[in-house]
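The block underneath contains the structure these notes are about, expressed in structure tokens.
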Amino acid sequence: MCERCGNSYHAITEASRRGFLKGGLAAGAALALPAGLAGSAAWAQGSTKIKATHGAGLCNLGIFLAKERDLAAEDGVELDFVVTPTTMDVVTLFGAGMVDVSVIPYSNFITLVDKGAPVQMVAGAGVEGCILVGSEGIEAAEDLRGKTIGTFQADTLEVLTYDYLSRSGMALSDVNMAYFNTSPEMAAAFVNGAIDAVCHIEPYATQCIEERAGSRALTDGIDLYGPRYSDCVLAARRPLLEENPQAVKAIIKAMMTAQKQTEEDVASALQDTVGTYYKTSLEALRLAQSSQPVMIDQRQNEGFFADRAETLLRMGYIDAPLPGDAIDWTLLEEVIAENEALYDALRLTSS
């Protein structure tokens with residue numbers, strides 16, 4: 001995805017939250033392909049070019065490097081990014097089968113599964129980095145009562161906000177939720193004083209703290225979920241998994257290689273992606289990177305995904321718990337077994 005977003009910049013009711021799901025996320029699961037696009041996924045034509053979407057945060061650094069450095073080429077696969085302006089477009093494209101794989105917030109993945117989209121989580125992408133930032137004078141959850149919080153709808157960031165407030169006995173109805181369209185737009189709204197708090201991803205959360213005097217992080221998610229909790233994951237369409245699992249393995253391996261390269265030389269990794277993918281300064285990117293590292297092996301987060309599905313159920317975004325077959329680490333484990341030296345060189349793993 002090009003940007004993570006919600007609907008529009010206004011508060012919503014519980015009814016309209018469910019309406020968002022029915023009118024948008026469900027469309028991604030059931031939308032008929034427009035004329036001329038049916039069967040357009042590249043793998044269906046025998047090509048090794050795989051269409052992908054992605055997000056805007058540092059959790060996408062692995063797939064960005066896989067693309068920029070052509071890291072899947074040695075396995076005969078080329079990544080082809082499909083540019084989309086909003087998360088809703090990404091969900092629709094991925095759910096409808098117009099793209100093959102996506103690095104996607106786990107919450108959007110869970111909502112797609114709930115609506116019947118044939119998608120499956122196959123690996124992780126990035127961990128941590130979801131940060132709720134309050135402006136001057138906001139130091140605890142109670143200080144947010146009646147204040148306006150910016151975030152993206154049905155996103156991991158809204159889930160974090162919900163869980164943070166719930167821990168203090170508060171609800172989303174105790175605050176005013178403002179939903180934005182892009183990461184830079186939301187950061188600018190906070191920096192310029194249009195909203196009182198913001199739940200954002202890196203590197204934009206760090207930008208918010210650095211550029212608005214007196215602001216502070218209220219939670220970075222670690223106090224809620226523990227270290228190495230997930231933000232974004234790698235998911236693939238089941239038809240691709242059935243027809244060309246080797247292509248998916250090539251992408252997993254490429255992202256694992258990107259993780260190793262980032263851990264060994266983060267400066268060049270950020271230099272290769274700033275501007276093109278991250279609309280912040282290189283310095284802001286450097287400050288933020290350690291808060292949202294690349295981590296492809298996220299097998300330890302399987303319980304976390306089930307728990308967050310329960311949160312989404314309470315929020316009214318899904319109708320049932322996450323089914324057991326929504327996540328399959330088989331291809332990830334094959335990549336690990338076939339590339340032991342690469343895996344052993346990684347700093348962040350589930351092992």
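Numbering starts fresh at 1 for the residues of each chain in the structure tokens, the chains themselves are lettered A, B, ... in the order given, and ligands are numbered from 1 as they appear.
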
request  = Check the DSSP output for the backbone and give back, as a ChimeraX atom specification, the residues of stretch 155-307 of chain A in helix (DSSP H, G or I).
outcome  = /A:156-167,172-174,183-191,204-211,222-225,238-243,245-264,266-271,282-289,299-307

Legend entry - stretch 41-90 of chain A: residues DSSP assigns to strand (DSSP E), reported as a PyMOL selection string: chain A and resi 49-53+78-81

Can those selected residues be exported to a file as a tab-separated table (two decimals), in the first residue's frame so that it contains C-alpha atoms?
```
chain	number	residue	atom	x	y	z
A	49	LYS	CA	6.71	-11.04	-11.97
A	50	ILE	CA	4.71	-10.83	-8.75
A	51	LYS	CA	2.40	-7.89	-8.16
A	52	ALA	CA	2.56	-6.50	-4.63
A	53	THR	CA	1.21	-3.70	-2.47
A	78	GLU	CA	10.63	-9.81	-9.85
A	79	LEU	CA	8.50	-7.68	-7.53
A	80	ASP	CA	6.13	-5.26	-9.25
A	81	PHE	CA	4.67	-2.65	-6.87
```

The residue from A:Ala140, A:Ala123, A:Ile104, A:Ala205 with the smallest atom-to-atom distance to A:Asp328, counting only C-alpha atoms, is A:Ala123

message = I'd like the neighbourhood of A:Asp70 as JSON, numbers by chain, where a residue qualifies if any of its atoms comes within 12 Å (using only C-alpha atoms), though same-chain residues fewer than 5 positions away should be ignored.
response = {"A": [49, 62, 63, 64, 65, 75, 76, 77, 78, 79, 80, 250, 251, 253, 254, 255, 257, 258]}

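You can rank A:Tyr106, A:Tyr225, A:Trp329, A:Phe190 by their closest distance to A:Cys208 using only C-alpha atoms, and at the top of that list sits A:Phe190.
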
Problem set entry | Selection near A:Arg167, 12 Å with only C-alpha atoms, sequence-local residues under 6 positions removed, as JSON, numbers by chain | {"A": [140, 141, 142, 160, 161, 219, 223, 224, 225]}

At a cut-off of 12 Å, using only C-alpha atoms, what residues contact stretch 266-281 of chain A? Leave out same-chain residues fewer than 4 positions from it and give the result as a PyMOL selection string. chain A and resi 1-3+54-69+81+83+182-185+187-188+201-208+210-211+257-262+285-290+293-294

>> Taking 5 positions as the minimum chain separation for residues in the same chain, which residues sit within 9 Å of A:Phe305 when counting only C-alpha atoms? Answer as an MDAnalysis selection string.
In response: chainID A and resid 106:107 110 230 310 322
